[in-house]
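Shown next: my_file.pdb, containing PDB, C-alpha atoms, pLDDT in the B column.
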```pdb
ATOM      1  CA  MET S1414       0.000   0.000   0.000  1.00 68.00           C
ATOM      2  CA  ILE S1415       1.283   3.461  -0.893  1.00 73.00           C
ATOM      3  CA  THR S1416       0.147   6.503   1.078  1.00 73.00           C
ATOM      4  CA  PHE S1417       0.923  10.207   1.152  1.00 75.00           C
ATOM      5  CA  SER S1418       2.516  11.484   4.356  1.00 78.00           C
ATOM      6  CA  ILE S1419       3.700  14.853   5.634  1.00 80.00           C
ATOM      7  CA  VAL S1420       7.395  15.168   6.567  1.00 82.00           C
ATOM      8  CA  LYS S1421       7.874  16.799   9.974  1.00 82.00           C
ATOM      9  CA  ASP S1422      11.636  16.334  10.437  1.00 83.00           C
ATOM     10  CA  SER S1423      14.607  14.397   9.127  1.00 80.00           C
ATOM     11  CA  ILE S1424      17.741  13.279  10.950  1.00 78.00           C
ATOM     12  CA  LEU S1425      20.837  11.311   9.996  1.00 78.00           C
ATOM     13  CA  ASP S1426      21.517   8.269  12.148  1.00 79.00           C
ATOM     14  CA  ALA S1427      24.582   6.117  11.368  1.00 77.00           C
ATOM     15  CA  GLY S1428      24.538   7.236   7.730  1.00 75.00           C
ATOM     16  CA  LYS S1429      20.819   6.608   7.250  1.00 73.00           C
ATOM     17  CA  ARG S1430      18.176   9.314   6.970  1.00 78.00           C
ATOM     18  CA  ILE S1431      15.287   8.758   9.372  1.00 80.00           C
ATOM     19  CA  LEU S1432      12.136  10.740   8.675  1.00 78.00           C
ATOM     20  CA  LYS S1433       9.474  11.783  11.159  1.00 80.00           C
ATOM     21  CA  ILE S1434       6.216  11.737   9.238  1.00 79.00           C
ATOM     22  CA  VAL S1435       2.516  12.111   9.905  1.00 79.00           C
ATOM     23  CA  GLU S1436       0.364   9.383   8.405  1.00 74.00           C
ATOM     24  CA  PHE S1437      -2.675   8.618  10.495  1.00 72.00           C
ATOM     25  CA  GLY S1438      -0.564   9.870  13.438  1.00 71.00           C
ATOM     26  CA  PRO S1439       3.170  10.487  13.929  1.00 76.00           C
ATOM     27  CA  LYS S1440       5.735   7.775  13.127  1.00 78.00           C
ATOM     28  CA  THR S1441       9.294   7.373  11.859  1.00 80.00           C
ATOM     29  CA  THR S1442      10.409   5.671   8.666  1.00 83.00           C
ATOM     30  CA  LYS S1443      13.460   5.265   6.469  1.00 81.00           C
ATOM     31  CA  GLU S1444      14.075   7.072   3.199  1.00 84.00           C
ATOM     32  CA  CYS S1445      14.858   5.448  -0.158  1.00 82.00           C
ATOM     33  CA  ALA S1446      16.805   7.329  -2.865  1.00 84.00           C
ATOM     34  CA  PRO S1447      18.628   6.493  -6.097  1.00 83.00           C
ATOM     35  CA  PHE S1448      22.288   5.534  -5.716  1.00 76.00           C
ATOM     36  CA  GLY S1449      24.593   8.520  -5.360  1.00 86.00           C
ATOM     37  CA  GLU S1450      21.903  11.005  -4.412  1.00 86.00           C
ATOM     38  CA  ASP S1451      21.628  12.514  -0.958  1.00 86.00           C
ATOM     39  CA  SER S1452      19.066  15.139  -0.072  1.00 87.00           C
ATOM     40  CA  ALA S1453      16.940  15.928   2.932  1.00 86.00           C
ATOM     41  CA  PRO S1454      13.324  17.050   2.575  1.00 87.00           C
ATOM     42  CA  LEU S1455      11.994  20.259   4.048  1.00 89.00           C
ATOM     43  CA  LYS S1456       9.402  20.204   6.794  1.00 87.00           C
ATOM     44  CA  ASP S1457       5.831  19.797   5.534  1.00 85.00           C
ATOM     45  CA  MET S1458       6.790  18.357   2.142  1.00 86.00           C
ATOM     46  CA  VAL S1459       4.406  15.658   0.966  1.00 86.00           C
ATOM     47  CA  ALA S1460       6.173  12.275   0.929  1.00 86.00           C
ATOM     48  CA  ILE S1461       5.131   9.137  -0.933  1.00 87.00           C
ATOM     49  CA  HIS S1462       5.238   6.474   1.742  1.00 84.00           C
ATOM     50  CA  ALA S1463       5.067   2.716   1.145  1.00 85.00           C
ATOM     51  CA  ARG S1464       4.935  -0.343   3.320  1.00 82.00           C
ATOM     52  CA  THR S1465       7.463  -3.103   2.687  1.00 81.00           C
ATOM     53  CA  THR S1466       7.085  -6.868   2.963  1.00 78.00           C
ATOM     54  CA  GLU S1467       9.116  -6.670   6.189  1.00 76.00           C
ATOM     55  CA  SER S1468       6.635  -6.572   9.056  1.00 72.00           C
ATOM     56  CA  GLY S1469       6.389  -3.089  10.539  1.00 72.00           C
ATOM     57  CA  GLU S1470       8.889  -1.598   8.049  1.00 80.00           C
ATOM     58  CA  SER S1471       8.045   1.223   5.691  1.00 83.00           C
ATOM     59  CA  VAL S1472       9.974   3.595   3.462  1.00 86.00           C
ATOM     60  CA  VAL S1473       9.565   7.003   1.838  1.00 86.00           C
ATOM     61  CA  ILE S1474      10.143   6.501  -1.890  1.00 87.00           C
ATOM     62  CA  GLY S1475       9.803  10.091  -3.103  1.00 87.00           C
ATOM     63  CA  TYR S1476       8.227  13.499  -2.683  1.00 86.00           C
ATOM     64  CA  ILE S1477       5.612  15.529  -4.522  1.00 82.00           C
ATOM     65  CA  ASN S1478       7.433  18.192  -6.558  1.00 82.00           C
ATOM     66  CA  LYS S1479       5.449  21.450  -6.530  1.00 79.00           C
ATOM     67  CA  ASP S1480       7.676  23.334  -8.996  1.00 78.00           C
ATOM     68  CA  GLN S1481       8.325  21.088 -11.988  1.00 81.00           C
ATOM     69  CA  LEU S1482      10.102  22.784 -14.899  1.00 87.00           C
ATOM     70  CA  ALA S1483      11.809  19.975 -16.836  1.00 89.00           C
ATOM     71  CA  ASN S1484      10.470  19.183 -20.305  1.00 89.00           C
ATOM     72  CA  PRO S1485      10.554  15.677 -21.848  1.00 88.00           C
ATOM     73  CA  GLY S1486      14.116  14.329 -21.894  1.00 89.00           C
ATOM     74  CA  GLU S1487      15.431  16.892 -19.389  1.00 92.00           C
ATOM     75  CA  LYS S1488      16.743  16.579 -15.835  1.00 93.00           C
ATOM     76  CA  ARG S1489      16.879  19.270 -13.196  1.00 93.00           C
ATOM     77  CA  MET S1490      18.588  18.992  -9.811  1.00 92.00           C
ATOM     78  CA  TYR S1491      18.014  21.711  -7.255  1.00 92.00           C
ATOM     79  CA  SER S1492      18.284  22.689  -3.630  1.00 92.00           C
ATOM     80  CA  LEU S1493      15.837  24.726  -1.610  1.00 93.00           C
ATOM     81  CA  LYS S1494      16.219  27.291   1.153  1.00 94.00           C
ATOM     82  CA  PRO S1495      14.464  26.488   4.449  1.00 91.00           C
ATOM     83  CA  ASP S1496      11.529  28.659   3.348  1.00 92.00           C
ATOM     84  CA  GLY S1497      11.049  26.464   0.250  1.00 89.00           C
ATOM     85  CA  SER S1498      12.386  28.956  -2.310  1.00 91.00           C
ATOM     86  CA  LEU S1499      14.999  27.939  -4.879  1.00 91.00           C
ATOM     87  CA  SER S1500      18.578  28.051  -3.622  1.00 93.00           C
ATOM     88  CA  PHE S1501      20.488  26.618  -6.626  1.00 93.00           C
ATOM     89  CA  ASP S1502      19.838  24.388  -9.620  1.00 93.00           C
ATOM     90  CA  ILE S1503      21.578  22.463 -12.363  1.00 94.00           C
ATOM     91  CA  TYR S1504      19.358  22.020 -15.389  1.00 94.00           C
ATOM     92  CA  LEU S1505      20.274  19.522 -18.151  1.00 95.00           C
ATOM     93  CA  LYS S1506      18.262  20.717 -21.137  1.00 94.00           C
ATOM     94  CA  ASN S1507      17.060  18.562 -24.032  1.00 93.00           C
ATOM     95  CA  ASP S1508      18.817  20.875 -26.522  1.00 95.00           C
ATOM     96  CA  GLY S1509      22.241  19.722 -25.239  1.00 93.00           C
ATOM     97  CA  THR S1510      22.902  22.679 -22.953  1.00 93.00           C
ATOM     98  CA  VAL S1511      23.273  22.795 -19.188  1.00 93.00           C
ATOM     99  CA  GLU S1512      22.335  25.709 -16.969  1.00 94.00           C
ATOM    100  CA  ILE S1513      24.280  25.924 -13.720  1.00 93.00           C
ATOM    101  CA  GLY S1514      22.659  28.343 -11.291  1.00 93.00           C
ATOM    102  CA  GLY S1515      20.731  30.109 -14.064  1.00 92.00           C
ATOM    103  CA  ASN S1516      21.267  31.269 -17.633  1.00 91.00           C
ATOM    104  CA  GLY S1517      22.361  34.909 -17.330  1.00 92.00           C
ATOM    105  CA  HIS S1518      26.011  34.301 -18.232  1.00 90.00           C
ATOM    106  CA  HIS S1519      28.134  31.935 -20.308  1.00 89.00           C
ATOM    107  CA  LEU S1520      30.987  29.747 -19.121  1.00 87.00           C
ATOM    108  CA  VAL S1521      34.172  29.723 -21.198  1.00 89.00           C
ATOM    109  CA  LYS S1522      36.557  26.959 -22.194  1.00 90.00           C
ATOM    110  CA  TYR S1523      39.938  27.583 -20.564  1.00 92.00           C
ATOM    111  CA  ALA S1524      42.247  26.251 -23.305  1.00 92.00           C
ATOM    112  CA  PRO S1525      40.776  28.233 -26.255  1.00 94.00           C
ATOM    113  CA  LEU S1526      40.585  31.385 -24.108  1.00 95.00           C
ATOM    114  CA  ASN S1527      44.213  30.956 -22.988  1.00 95.00           C
ATOM    115  CA  THR S1528      45.304  30.435 -26.617  1.00 96.00           C
ATOM    116  CA  ALA S1529      43.429  33.547 -27.787  1.00 97.00           C
ATOM    117  CA  LEU S1530      44.923  35.673 -24.998  1.00 97.00           C
ATOM    118  CA  THR S1531      48.432  34.355 -25.736  1.00 97.00           C
ATOM    119  CA  ASP S1532      47.950  35.197 -29.433  1.00 97.00           C
ATOM    120  CA  GLN S1533      46.740  38.680 -28.451  1.00 98.00           C
ATOM    121  CA  ASP S1534      49.784  39.173 -26.184  1.00 97.00           C
ATOM    122  CA  THR S1535      52.039  38.186 -29.124  1.00 97.00           C
ATOM    123  CA  ALA S1536      50.298  40.689 -31.412  1.00 98.00           C
ATOM    124  CA  ILE S1537      50.576  43.471 -28.798  1.00 97.00           C
ATOM    125  CA  ASN S1538      54.273  42.712 -28.186  1.00 97.00           C
ATOM    126  CA  THR S1539      54.901  42.787 -31.960  1.00 97.00           C
ATOM    127  CA  GLU S1540      53.236  46.206 -32.238  1.00 97.00           C
ATOM    128  CA  LEU S1541      55.152  47.527 -29.207  1.00 97.00           C
ATOM    129  CA  GLY S1542      58.371  46.417 -30.934  1.00 96.00           C
ATOM    130  CA  LYS S1543      57.351  48.362 -34.065  1.00 97.00           C
ATOM    131  CA  ILE S1544      56.594  51.438 -31.923  1.00 96.00           C
ATOM    132  CA  ALA S1545      60.007  51.168 -30.200  1.00 96.00           C
ATOM    133  CA  LEU S1546      61.709  50.868 -33.606  1.00 96.00           C
ATOM    134  CA  ALA S1547      59.845  53.939 -34.956  1.00 97.00           C
ATOM    135  CA  ILE S1548      60.686  56.018 -31.869  1.00 97.00           C
ATOM    136  CA  GLY S1549      64.330  54.924 -32.155  1.00 95.00           C
ATOM    137  CA  SER S1550      64.445  55.952 -35.836  1.00 96.00           C
ATOM    138  CA  LEU S1551      63.364  59.444 -34.768  1.00 96.00           C
ATOM    139  CA  GLY S1552      66.177  59.679 -32.224  1.00 95.00           C
ATOM    140  CA  GLY S1553      64.181  58.777 -29.133  1.00 95.00           C
ATOM    141  CA  THR S1554      64.250  55.725 -26.952  1.00 95.00           C
ATOM    142  CA  TYR S1555      61.475  53.438 -25.866  1.00 95.00           C
ATOM    143  CA  THR S1556      61.870  50.028 -24.319  1.00 95.00           C
ATOM    144  CA  PRO S1557      58.531  48.257 -24.208  1.00 95.00           C
ATOM    145  CA  ALA S1558      57.715  45.885 -21.379  1.00 95.00           C
ATOM    146  CA  THR S1559      56.639  42.429 -22.459  1.00 96.00           C
ATOM    147  CA  VAL S1560      52.889  41.905 -22.209  1.00 96.00           C
ATOM    148  CA  ALA S1561      51.986  38.482 -20.802  1.00 96.00           C
ATOM    149  CA  THR S1562      48.498  37.560 -19.606  1.00 96.00           C
ATOM    150  CA  ASP S1563      48.422  34.698 -17.104  1.00 95.00           C
ATOM    151  CA  ILE S1564      44.995  33.199 -16.443  1.00 95.00           C
ATOM    152  CA  SER S1565      46.281  29.920 -14.974  1.00 92.00           C
ATOM    153  CA  ALA S1566      44.819  30.726 -11.550  1.00 92.00           C
ATOM    154  CA  SER S1567      41.336  30.792 -13.079  1.00 92.00           C
ATOM    155  CA  ARG S1568      41.511  27.210 -14.332  1.00 88.00           C
ATOM    156  CA  ALA S1569      38.953  24.986 -12.595  1.00 87.00           C
ATOM    157  CA  GLU S1570      40.621  21.566 -12.460  1.00 86.00           C
ATOM    158  CA  ASN S1571      37.511  19.759 -11.206  1.00 84.00           C
ATOM    159  CA  VAL S1572      35.076  21.110 -13.832  1.00 81.00           C
ATOM    160  CA  LYS S1573      35.556  19.826 -17.369  1.00 80.00           C
ATOM    161  CA  THR S1574      33.676  20.437 -20.623  1.00 79.00           C
ATOM    162  CA  GLY S1575      33.707  19.105 -24.180  1.00 75.00           C
TER     163      GLY S1575
END
```
Encoding of this model in C-alpha cells:
Amino acid sequence: MITFSIVKDSILDAGKRILKIVEFGPKTTKECAPFGEDSAPLKDMVAIHARTTESGESVVIGYINKDQLANPGEKRMYSLKPDGSLSFDIYLKNDGTVEIGGNGHHLVKYAPLNTALTDQDTAINTELGKIALAIGSLGGTYTPATVATDISASRAENVKTG
C-alpha cells in the first residue's frame, strides 16, 4: 500500500536518513533514494510512503514536486532554502545545454581562451616592438615591457567540458 505522508523532520543516524512523518498519526520511517543522491526534505513536504514486505517496516520513496520545470528528456537537480524557495539548480536541457545556477552568463573553455589571450599578447608585443623601432628611428628611446596575460589561476581543475 502506498500513502501520502507529511514530513515533519529528518535526521541522519549512522549514515541513514530517518524521517518523522505524519500518516494517520506520527511515526518514523526510512528514506529510499537512487544511488549517489543525498538530499533531505523540508518540513511539511508531501512524501510518498510505502509499506514493505518486512513486518512493521516502511519507506519514503519520493516526494511531490510542486515546482516542476523539466520538459521531456530533461533533468533538473536543485536545492531549496528552508523557506522552500529555490537556492540553486543544475538544469540539463534537451537541446544539449546545461544551466548551472541560471542562464544569465556563459561559461568559457579555458584552453581556447588561454590560446586567444596568448595570441593577443604576441600581437601586442609585436606592435610595441614596431613602436620602439619607430621612436628609435626618430632619435628617441622606448623600451617596451613584455605583455603576458596569465589566467592559470582561473583554471577549474575539477570542472571539465567538451
What are the closest atom pairs, with distances in Å to one decimal, for each residue of stretch 1445-1473 of chain S lying within 12 Å of stretch 1497-1507 of chain S, using only C-alpha atoms, rows by chain and rising residue number, as a Markdown table?
```
| residue | atom | partner | partner_atom | distance |
| --- | --- | --- | --- | --- |
| S:Pro1454 | CA | S:Gly1497 | CA | 10.0 |
| S:Leu1455 | CA | S:Gly1497 | CA | 7.3 |
| S:Lys1456 | CA | S:Gly1497 | CA | 9.2 |
| S:Asp1457 | CA | S:Gly1497 | CA | 10.0 |
| S:Met1458 | CA | S:Gly1497 | CA | 9.4 |
```
(message) Report, in Å to a single decimal, how far apart atom CA of S:Arg1568 and atom CA of S:Thr1528 are.
(response) 13.3 Å
(request) Expand the PyMOL selection byres ((chain S and resi 1424) around 12) into the individual residues it matches in the shown file, reporting them as a list in words. (result) Val1420, Lys1421, Asp1422, Ser1423, Leu1425, Asp1426, Ala1427, Gly1428, Lys1429, Arg1430, Ile1431, Leu1432, Lys1433, Ile1434, Thr1441, Thr1442, Lys1443, Glu1444, Ser1452, Ala1453, Pro1454, Leu1455 and Lys1456 of chain S
(message) If we count all atoms listed in the file and set the cut-off at 12 Å, which residues sit around S:Thr1531, ignoring sequence neighbours fewer than 5 positions away in its own chain? Please answer as a list of chain:residue names.
(response)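 Neighbouring residues, sequence-local ones excluded: S:Ala1524, S:Pro1525, S:Leu1526, S:Ala1536, S:Ile1537, S:Asn1538, S:Thr1559, S:Val1560, S:Ala1561, S:Thr1562, S:Asp1563, S:Ile1564, S:Ser1565.
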(request) List the residues matched by the PyMOL selection byres ((chain S and resi 1545) around 8) in the displayed structure as a list of chain:residue names, ordered by chain and then by residue number. (result)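 Checking the PyMOL selection byres ((chain S and resi 1545) around 8) against this file, the residues are S:Leu1541, S:Gly1542, S:Lys1543, S:Ile1544, S:Leu1546, S:Ala1547, S:Ile1548, S:Gly1549, S:Thr1554, S:Tyr1555, S:Thr1556, S:Pro1557.
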(request) Quote the spacing between atom CA of S:Lys1488 and atom CA of S:His1462 in Å to one decimal place. (result)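 Interatomic distance, atom CA of S:Lys1488 to atom CA of S:His1462: 23.3 Å.
Ranking S:Asn1571, S:Tyr1491, S:Thr1535, S:Leu1551 by their shortest atom-to-atom distance to S:Asp1451, with all atoms listed in the file included, puts S:Tyr1491 first.
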(request) Could you check how far atom CA of S:Asn1516 sits from atom CA of S:Lys1479, in Å to one decimal? (result) 21.7 Å
(request) Rank nothing, just name the residue among S:Val1435, S:Ile1415, S:Ala1529, S:Val1572 nearest to S:Ser1471, using all atoms listed in the file. (result)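 Counting all atoms listed in the file, the residue closest to S:Ser1471 is S:Ile1415.
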Which centre and edge lengths in Å to one decimal define the box along x, y and z that fits every listed atom of stretch 1502-1515 of chain S plus 5 Å per side, as lines of an AutoDock Vina configuration file?
```
center_x = 20.7
center_y = 24.3
center_z = -18.1
size_x = 17.2
size_y = 21.5
size_z = 26.9
```
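Counting all atoms listed in the file, the residue from S:Ile1477, S:Ile1513, S:Ala1558, S:Ala1566 that sits nearest to S:Asn1527 is S:Ala1566.
Minimum atom-to-atom distances from S:Lys1573, S:Thr1539, S:Ile1461, S:Glu1450 to S:Leu1520 were compared using all atoms listed in the file, and the lowest value belongs to S:Lys1573.
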Since the input lacks some atoms of stretch 1420-1443 of chain S, please model N, CA and C atoms and print them as a PDB file, in the coordinates of the input.
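See rebuild-v6.pdb below for the written result:
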```pdb
ATOM      1  N   VAL S1420       6.104  15.222   5.895  1.00 82.00           N
ATOM      2  CA  VAL S1420       7.395  15.168   6.567  1.00 82.00           C
ATOM      3  C   VAL S1420       7.422  16.239   7.656  1.00 82.00           C
ATOM      4  N   LYS S1421       7.764  15.848   8.864  1.00 82.00           N
ATOM      5  CA  LYS S1421       7.874  16.799   9.974  1.00 82.00           C
ATOM      6  C   LYS S1421       9.320  17.085  10.353  1.00 82.00           C
ATOM      7  N   ASP S1422      10.229  16.133  10.107  1.00 83.00           N
ATOM      8  CA  ASP S1422      11.636  16.334  10.437  1.00 83.00           C
ATOM      9  C   ASP S1422      12.437  15.213   9.791  1.00 83.00           C
ATOM     10  N   SER S1423      13.721  15.459   9.610  1.00 80.00           N
ATOM     11  CA  SER S1423      14.607  14.397   9.127  1.00 80.00           C
ATOM     12  C   SER S1423      15.913  14.486   9.894  1.00 80.00           C
ATOM     13  N   ILE S1424      16.462  13.327  10.245  1.00 78.00           N
ATOM     14  CA  ILE S1424      17.741  13.279  10.950  1.00 78.00           C
ATOM     15  C   ILE S1424      18.606  12.199  10.307  1.00 78.00           C
ATOM     16  N   LEU S1425      19.914  12.357  10.433  1.00 78.00           N
ATOM     17  CA  LEU S1425      20.837  11.311   9.996  1.00 78.00           C
ATOM     18  C   LEU S1425      21.228  10.491  11.210  1.00 78.00           C
ATOM     19  N   ASP S1426      21.150   9.171  11.068  1.00 79.00           N
ATOM     20  CA  ASP S1426      21.517   8.269  12.148  1.00 79.00           C
ATOM     21  C   ASP S1426      22.353   7.146  11.543  1.00 79.00           C
ATOM     22  N   ALA S1427      23.649   7.139  11.870  1.00 77.00           N
ATOM     23  CA  ALA S1427      24.582   6.117  11.368  1.00 77.00           C
ATOM     24  C   ALA S1427      24.544   6.039   9.849  1.00 77.00           C
ATOM     25  N   GLY S1428      24.508   7.194   9.184  1.00 75.00           N
ATOM     26  CA  GLY S1428      24.538   7.236   7.730  1.00 75.00           C
ATOM     27  C   GLY S1428      23.209   6.981   7.052  1.00 75.00           C
ATOM     28  N   LYS S1429      22.144   6.817   7.827  1.00 73.00           N
ATOM     29  CA  LYS S1429      20.819   6.608   7.250  1.00 73.00           C
ATOM     30  C   LYS S1429      19.919   7.773   7.636  1.00 73.00           C
ATOM     31  N   ARG S1430      19.103   8.221   6.698  1.00 78.00           N
ATOM     32  CA  ARG S1430      18.176   9.314   6.970  1.00 78.00           C
ATOM     33  C   ARG S1430      16.896   8.723   7.548  1.00 78.00           C
ATOM     34  N   ILE S1431      16.518   9.183   8.712  1.00 80.00           N
ATOM     35  CA  ILE S1431      15.287   8.758   9.372  1.00 80.00           C
ATOM     36  C   ILE S1431      14.319   9.942   9.318  1.00 80.00           C
ATOM     37  N   LEU S1432      13.131   9.688   8.823  1.00 78.00           N
ATOM     38  CA  LEU S1432      12.136  10.740   8.675  1.00 78.00           C
ATOM     39  C   LEU S1432      11.056  10.604   9.730  1.00 78.00           C
ATOM     40  N   LYS S1433      10.653  11.735  10.293  1.00 80.00           N
ATOM     41  CA  LYS S1433       9.474  11.783  11.159  1.00 80.00           C
ATOM     42  C   LYS S1433       8.336  12.258  10.271  1.00 80.00           C
ATOM     43  N   ILE S1434       7.318  11.413  10.136  1.00 79.00           N
ATOM     44  CA  ILE S1434       6.216  11.737   9.238  1.00 79.00           C
ATOM     45  C   ILE S1434       4.890  11.662   9.987  1.00 79.00           C
ATOM     46  N   VAL S1435       3.871  12.231   9.378  1.00 79.00           N
ATOM     47  CA  VAL S1435       2.516  12.111   9.905  1.00 79.00           C
ATOM     48  C   VAL S1435       1.694  11.371   8.858  1.00 79.00           C
ATOM     49  N   GLU S1436       1.231  10.191   9.250  1.00 74.00           N
ATOM     50  CA  GLU S1436       0.364   9.383   8.405  1.00 74.00           C
ATOM     51  C   GLU S1436      -0.566   8.658   9.363  1.00 74.00           C
ATOM     52  N   PHE S1437      -1.745   9.157   9.501  1.00 72.00           N
ATOM     53  CA  PHE S1437      -2.675   8.618  10.495  1.00 72.00           C
ATOM     54  C   PHE S1437      -2.033   8.640  11.887  1.00 72.00           C
ATOM     55  N   GLY S1438      -1.289   9.729  12.181  1.00 71.00           N
ATOM     56  CA  GLY S1438      -0.564   9.870  13.438  1.00 71.00           C
ATOM     57  C   GLY S1438       0.929   9.856  13.182  1.00 71.00           C
ATOM     58  N   PRO S1439       1.722  10.389  14.134  1.00 76.00           N
ATOM     59  CA  PRO S1439       3.170  10.487  13.929  1.00 76.00           C
ATOM     60  C   PRO S1439       3.854   9.119  13.944  1.00 76.00           C
ATOM     61  N   LYS S1440       4.916   8.985  13.146  1.00 78.00           N
ATOM     62  CA  LYS S1440       5.735   7.775  13.127  1.00 78.00           C
ATOM     63  C   LYS S1440       7.073   8.118  12.492  1.00 78.00           C
ATOM     64  N   THR S1441       8.010   7.193  12.539  1.00 80.00           N
ATOM     65  CA  THR S1441       9.294   7.373  11.859  1.00 80.00           C
ATOM     66  C   THR S1441       9.420   6.294  10.789  1.00 80.00           C
ATOM     67  N   THR S1442      10.189   6.619   9.754  1.00 83.00           N
ATOM     68  CA  THR S1442      10.409   5.671   8.666  1.00 83.00           C
ATOM     69  C   THR S1442      11.752   5.974   8.012  1.00 83.00           C
ATOM     70  N   LYS S1443      12.207   5.067   7.198  1.00 81.00           N
ATOM     71  CA  LYS S1443      13.460   5.265   6.469  1.00 81.00           C
ATOM     72  C   LYS S1443      13.165   5.897   5.115  1.00 81.00           C
TER      73      LYS S1443
END
```
